[in-house]
Each structure stands twice: as C-alpha cells, then as structure tokens.
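Peer 1: Following this message is one structure expressed as structure tokens.
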Amino acid sequence: MLSTVFRNLVSKPDTVKYPYAAADIPSGNRGRVEWNMDACILCGLCEKRCPTLAVKVDKRSGEITVQVPRCIACGVCIDVCSKDAITMTPEYSKPCYGKEVRSYQKEMKTVSE
Amino acid sequence: MSIHANDGAIEKIAERQSLENVRLATIITVDKGDGNLELIYVLDVNGALTSINCEFPQDQELASLSSVFAGAENMEREIIDLMGIRFEGIRGGLFLEPGSSIIAPLRKQPLGVK
Amino acid sequence: MTKTTLIPVGPQHPVFLEPLNISLKLKEETVVGAEINYGFNHRGLEKAMAADFRRTIYMCERICGICSFYHSTAYCQSMESLFKVEVPERARFIRLVMMECQRLTSHTLALGHTAEAMGYESLFMQLFREREALMRLVNDISGNRVHYSINTIGGVRRDIPMEKQKEMLSVLDGLETRFAKLAKVFKDDRTIKERTIGKGVLTKEMAKKYCVVGPVARASGIPEDIRTSYCRDLDFQPIVRDEGDSYARSMVRVDETFQSIQLIRKALTMLPEGPLEVPVKGNPSGEAFIRLEAPRGEVIYYVKAKGTVDLERIKVKTPAFVNVAALSAMVPGCEMPDIPVITVSVDPCICCTER
C-alpha cells in the first residue's frame, strides 16, 4: 500500500477535466448519429427498425428528423441502411436547454414544366 | 382441508426433493386467454431444467410452495401482484401497492384499479 | 429481560445504491429476525417487453445496467431456439468474451462496493480505477460502456478484429498484475477479515432452502455454475468455498475475476473464423427456456410466442430476486453494524429484482 501512496503523490490524476478538456472516448464508441442526405434514398427502413421510435422519415418533403434524447445509439439504423448513408461518430451529446431535435433535408428535384 | 389445483404438483416437487438434488429455479404464470391460467414450476434437477405444469381457472386459490422452499414465498408474492392469483397464507403487496395500483397487470384483461 | 426493538434499514440508506428495505428485529445489539422488503422500483418491464420481438432486444438490455449483456444474450438465445437456428461458432465465442468482460466489470463493482461499505474508501477508489480501464476497453470493442447492443437474433453485430484482440490482451495483462495486488489486500487485510469472517453465515441447508444462485450459492458449498455447460470447450471448473460467510462470498468474486481473465484469453486464442450471424425470417412461435450464468447467478428467460410480431409472454428470472430474499436467513445472530457489509456482500441488484 505504501508504494501506491508514493506513486499517487507524483502521478497525474486519472480523471479528465471534461468538459474543459476533450473526453477520453475510444474510437469504437457509438455516439452522435448523422445522415448523409446525398446518399439517402428515403426508403424509411431506419424509421421502421429504430427500437425507440426516434427517427421520423417524411418521404413527401424529403426530411428526416431525429429526436436526440430518444436515441440509444444502438446502431440498428446503420446496419439496415442499404446505401450506407448513416454514420456514427464517437461523441457524447452535450447538455442543452430543450429536447434537441435534429433534422436533415434532402434536396428534392423539382419537376420543371 | 380444501383441495387446491396445484396440490399434485407440490406433492411431486416435495417427493423429488427428498430423493434428488432439486432447486426451485422459478415459477412462471401464463394467461391462457380462455379464463384459465397456467402455472409452471421450473426446477433444477441435478443441473438440468425440468418443468411441472398445472392449469386452473383464474379465480381459484392455490396452495403455497413455501413449506418446501422458503425462497418460493417471494416468487408467489410477485405472482399475487402481477397475475392476481391467490395463494393460501401468502399476502401480496411486494411489487404493487394494494389499493392504488392496477390489479393483475400481466393478465390479458387487467382487472382495473380497486 | 430485554425488549425487542424494530429498526428499519432503508429504503434510503447511504450504503444501498438502490432502494431496499430491511426491517430488523433487535435484542440489544443482536439481530433476532429480519424482513426483507423490495418493490420500490417496479417498472413493469415484463408487460412492456411482450411487444415487437426485434425491439425487445434493446428493452431486455435495460433491465439491468450491470448485467445488460447477459439479458440480451439470454433473450437472443431463446429467440434462436424458437426460430430453430444455430448461432455461428464465432458469434458464440464473441458473446462468451463479452459476457466474461461484463462479469469482470460487475465483480469489480461489487468488490469496490463491499470495500466502500466497510469504510475502506481507498481500496474502493483503486478498484474503480482498474474498472475504468476495463470500461474503456469494452467501450472500444462493443461501442458502449454499459449497454453493448451488439447482440442480434442469430448472432452478433460487431466483430472483434485482430488488432482489437491484441489490445484486449495487453489491457487484461496489465489489469491482472494490478488486480493481483488489490486481491492480496482483500485476502489478507486485518480490517476486512475482522469485519467479514464468520459474519452473515448462510449454511448449505439454508442456501438450498432459499434456492440461492451464483456466488452466494458457491460460497455456501453448492458447486453450481451454468458456465460448466456453456464454456464446455474451455475446461471450466466452478470456484466453490464452504464457509458461507461474507468473506467467502467476496473471495469467490475475487477468484472469479482471475478466472474470467483466463477464460477470455482462452476464448480469444480459440476464436474460430466464420460468419457473424445467420439470418432469421418470419415470426417466432412456440415456447423456450434459456438460462445463463450472470455475475450474480442464474438468469432464466421464458419466452412464449404465437407466430405474431408481438410476443405472448416473457418472464425473466433474475438471480438477485432469490439472493436478496436469503438475507433474512443470514442476518440473525449478527450485530447491527454488520448489516450493511452483509447486505452488500450478497450484491443486491434491485434493478434486476424488480424489473
């Protein structure tokens, strides 16, 4: 035990001063989910298979909305996406005032007359 | 001395317990949907799972297994709360608060609030 | 001529992480009887889980935060037996590795909590520092610290590639040497010994009567471990002690952490090549019993389905449900100040107990 005391006296703390310093998140972590709307074909599979009903796909207006607090970062949407349009980056969701809702808009081709 | 629907099952368990290395793993109840409930005693006999079933009408009182296994008492208390089955000499109130919770929420048609 | 005093411990008590109430009957300082009450936290998950069978995997994980992977594995195995598919060998080994990792995190938490309950704060801090290295490792491999979410019906969704295996082995090597020093403190420290040896004895007869499982049963001399069949190709022997007291329960956990590290090493060297999952089609029907050895003991899943998307009935038997009830057989004869240590040595998990 005495060696531990001396080691702890000279060593740096084991904790990270998050949020002032970057959090120590390993690269394999699943976190923030993002849609690449150029690749997305609005098939709606991610909405169908999301276990917490966090994703809504509006095929008519080409908009995808994600209720961020509902997302459990399970990664099912990434697995079912046939176009690999969904990615997850290792990042924790930041504290915010309201329930964050993110939306992604697909450029709809307007049919010219 | 009244006769309960699960007397035979309890007798069978007590008999096996005296002969072999038996542990009560769990008690499962299933609502059959036609007014009958099913009680499944899951036993660990020498390291393998076996089950003893019995079926009975839903408003019948059953005998308790707690004289054979003391650990069965809490399992039965859970069933009283969640399935609305009565066991002789066992009171509910483990998971749900009597008087303000739904009665028998795990049945197909919960009995509502008292 | 002494009067009997009734003292409630809990539901809010500094030593319990979750609400648990013990009504103690005392004669002077000695406990003569106890009644265990739980149910302050019931969430009705069994009702909620009888829904879409694919979404239920993620709900199962949320039964408990410390043994989440066991719940999802047991559920996935029961669904696989309903669909009558065989999981690929590589998926079975990855599940085994992740389960043993979770056993390590759970046992270090239980041991740290025991140390904290005894007032041994520095040991608690050091155990949790080692645990943090482990949590970071499982985060890197599975994608999350607590709810791994890598199970799916028919296999697993994430592979453990070669470089991750190497990293895992090097982390485990470091952990083993550092943990051996802490285990020595647990084994030999005078304070710990005096506070745990001979306290809260559960005899073999009482253990059988209360149907206890897991480390509590193995500390009372019942050689019962479901891993003997699940880890059949890994030469597994359960760790058993005969004393049945708090010290034996902690020691079973200490020895099992080293055993888990050995199992992970063996499983990683034997990791077969092959696919990760087999596809399943249609809806499940029939009924299935599956059991696994979670850190606290046996988890049983009973699933009944009738060929629809929604499940008919799902019943979860958790180990803490029976182990906590056995406290009423352990505490009589003890002194009042020993109650927290005895309670924590059982590793009560109220999340599991009440679902």
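Residue numbering restarts at 1 in every chain; chains get A, B, ... in the order shown in the structure tokens, and ligands count up from 1 in that same order.
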Determine which residues of chain A DSSP labels as helix (DSSP H, G or I) from the backbone of this structure, then write them out as a VMD selection string.
Peer 2: chain A and resid 2 to 10 45 to 49 68 to 70 76 to 80
Peer 1: Give me, as a VMD selection string, all polymer residues having an atom no more than 7 Å from Ile63 of chain C, counting only C-alpha atoms and skipping those fewer than 6 positions away in the same chain.
Peer 2: chain C and resid 351 to 352 355
Peer 1: Can you check which residues of segment 3-113 of chain A DSSP gives as strand (DSSP E) on the backbone and send them as a PyMOL selection string?
Peer 2: chain A and resi 32-35+55-58+63-67+86-89+101-105
Peer 1: Which residues, written as a list in words, have at least one atom at most 12 Å from Cys81 of chain A, with only C-alpha atoms counted and residues fewer than 2 positions away on the same chain left out?
Peer 2: Trp35, Asn36, Ala39, Cys40, Ile41, Leu42, Cys43, Gly44, Leu45, Cys46, Glu47, Lys48, Arg49, Cys50, Gly75, Val76, Cys77, Ile78, Asp79, Lys83, Asp84, Ala85, Ile86 and Thr87 of chain A
Peer 1: Print the selection's residues with C-alpha atoms to a file, as a compact mmCIF listing (two decimals), in the first residue's frame.
Peer 2:
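The result, stored in again.txt:
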# COMPACT_ATOMS: atom_id res chain seq x y z
CA TRP A 35 -27.41 11.25 -42.08
CA ASN A 36 -25.73 11.89 -45.41
CA ALA A 39 -26.79 9.16 -50.44
CA CYS A 40 -30.14 8.72 -48.68
CA ILE A 41 -32.98 7.40 -50.85
CA LEU A 42 -35.68 7.95 -48.19
CA CYS A 43 -36.56 4.25 -48.05
CA GLY A 44 -37.71 4.58 -44.43
CA LEU A 45 -36.01 1.41 -43.13
CA CYS A 46 -34.28 3.33 -40.33
CA GLU A 47 -37.64 4.60 -39.11
CA LYS A 48 -39.14 1.11 -39.27
CA ARG A 49 -36.38 -0.61 -37.32
CA CYS A 50 -35.50 2.07 -34.76
CA GLY A 75 -26.61 1.37 -34.35
CA VAL A 76 -29.50 -0.58 -35.88
CA CYS A 77 -30.16 2.18 -38.44
CA ILE A 78 -26.57 1.91 -39.68
CA ASP A 79 -26.90 -1.85 -40.08
CA LYS A 83 -26.88 2.96 -49.04
CA ASP A 84 -24.51 3.46 -46.05
CA ALA A 85 -25.92 6.94 -45.66
CA ILE A 86 -25.85 6.89 -41.85
CA THR A 87 -22.69 7.31 -39.78
Peer 1: For Ile10 of chain B, please output as an NGL selection string all residues within 9 Å (counting only C-alpha atoms; exclusion window: fewer than 2 positions along the same chain).
Peer 2: :B and (6-8 or 12-15 or 63-65 or 68)
Peer 1: Just to be explicit: take each residue in the selection above, keep C-alpha atoms, and write the result as a PDB file, in the first residue's frame.
Peer 2:
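As a result, selection.pdb now contains:
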ATOM      1  CA  ASN B   6     -51.700 -27.387  -7.638  1.00  0.00           C
ATOM      2  CA  ASP B   7     -51.648 -29.910  -4.758  1.00  0.00           C
ATOM      3  CA  GLY B   8     -50.441 -32.649  -7.115  1.00  0.00           C
ATOM      4  CA  LYS B  12     -44.453 -34.147  -6.912  1.00  0.00           C
ATOM      5  CA  ILE B  13     -41.877 -31.433  -6.131  1.00  0.00           C
ATOM      6  CA  ALA B  14     -41.627 -32.449  -2.466  1.00  0.00           C
ATOM      7  CA  GLU B  15     -41.205 -36.074  -3.460  1.00  0.00           C
ATOM      8  CA  ALA B  63     -51.568 -23.860  -2.165  1.00  0.00           C
ATOM      9  CA  SER B  64     -48.199 -22.308  -1.396  1.00  0.00           C
ATOM     10  CA  LEU B  65     -44.853 -23.979  -2.034  1.00  0.00           C
ATOM     11  CA  VAL B  68     -40.946 -26.912   0.738  1.00  0.00           C
TER      12      VAL B  68
END
Peer 1: Pick out the residues sitting within 7 Å of segment 58-68 of chain A, and hand them over as a list in words; count only C-alpha atoms, and ignore anything fewer than 5 positions along from it in its own chain.
Peer 2: Leu42, Glu100, Val101, Arg102, Ser103, Tyr104, Gln105, Lys106 and Met108 of chain A
Peer 1: Counting only C-alpha atoms, what is within 12 Å of Leu106 of chain B, bar same-chain residues fewer than 5 positions away, as a ChimeraX atom specification?
Peer 2: /B:28-33,37,78-85,111-112 /C:44-50,312-315
Peer 1: Output as a PyMOL selection string the set of chain C residues within 10 Å of chain B, with distances taken over only C-alpha atoms.
Peer 2: chain C and resi 36-44+46-48+50+206-213+224-226+228-229+289-291+298-300+302+304+312-319+321-326+329+354-355
Peer 1: Compile a residue-level contact table for chain C against chain A at a cut-off of 9 Å, reporting for every qualifying residue the shortest atom pair and its distance in Å to one decimal, with only C-alpha atoms counted, rows ordered by chain and ascending number, as CSV.
Peer 2:
residue,atom,partner,partner_atom,distance
C:Arg54,CA,A:Pro51,CA,7.8
C:Arg55,CA,A:Pro51,CA,4.8
C:Thr56,CA,A:Pro51,CA,7.9
C:Ile57,CA,A:Pro51,CA,8.8
C:Tyr58,CA,A:Pro51,CA,7.0
C:Met59,CA,A:Pro51,CA,8.5
C:Arg129,CA,A:Asp14,CA,7.6
C:Arg136,CA,A:Pro26,CA,6.9
C:Leu137,CA,A:Pro26,CA,8.1
C:Asn139,CA,A:Asn29,CA,5.9
C:Asp140,CA,A:Gly28,CA,4.3
C:Ile141,CA,A:Gly28,CA,6.2
C:Ser142,CA,A:Gly28,CA,7.1
C:Gly143,CA,A:Asn29,CA,4.0
C:Asn144,CA,A:Asn29,CA,5.8
C:Arg145,CA,A:Asn29,CA,8.4
C:His147,CA,A:Cys74,CA,8.5
C:Tyr148,CA,A:Cys74,CA,8.0
C:Ser149,CA,A:Cys74,CA,5.6
C:Ile150,CA,A:Cys74,CA,7.9
C:Arg157,CA,A:Asp79,CA,8.3
C:Lys181,CA,A:Met1,CA,8.9
C:Val185,CA,A:Met1,CA,8.6
Peer 1: Go through C:Leu172, C:Leu292, C:Val303, C:Met118 one by one, measure the shortest atom-to-atom distance of each to Thr73 of chain C using only C-alpha atoms, and give the residue with the smallest value.
Peer 2: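 That would be C:Leu292, the residue with the smallest distance to Thr73 of chain C.
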Peer 1: Could you jot down the atom CA of Gly112 of chain C to atom CA of Met125 of chain C separation for me, Å, one decimal place?
Peer 2: 7.5 Å
Peer 1: Near Thr105 of chain C, counting only C-alpha atoms, which residues have an atom at most 10 Å away, once you skip same-chain residues fewer than 6 positions from it, shown as a PyMOL selection string?
Peer 2: chain C and resi 66-67+99+128+130-135+138+146+257+295
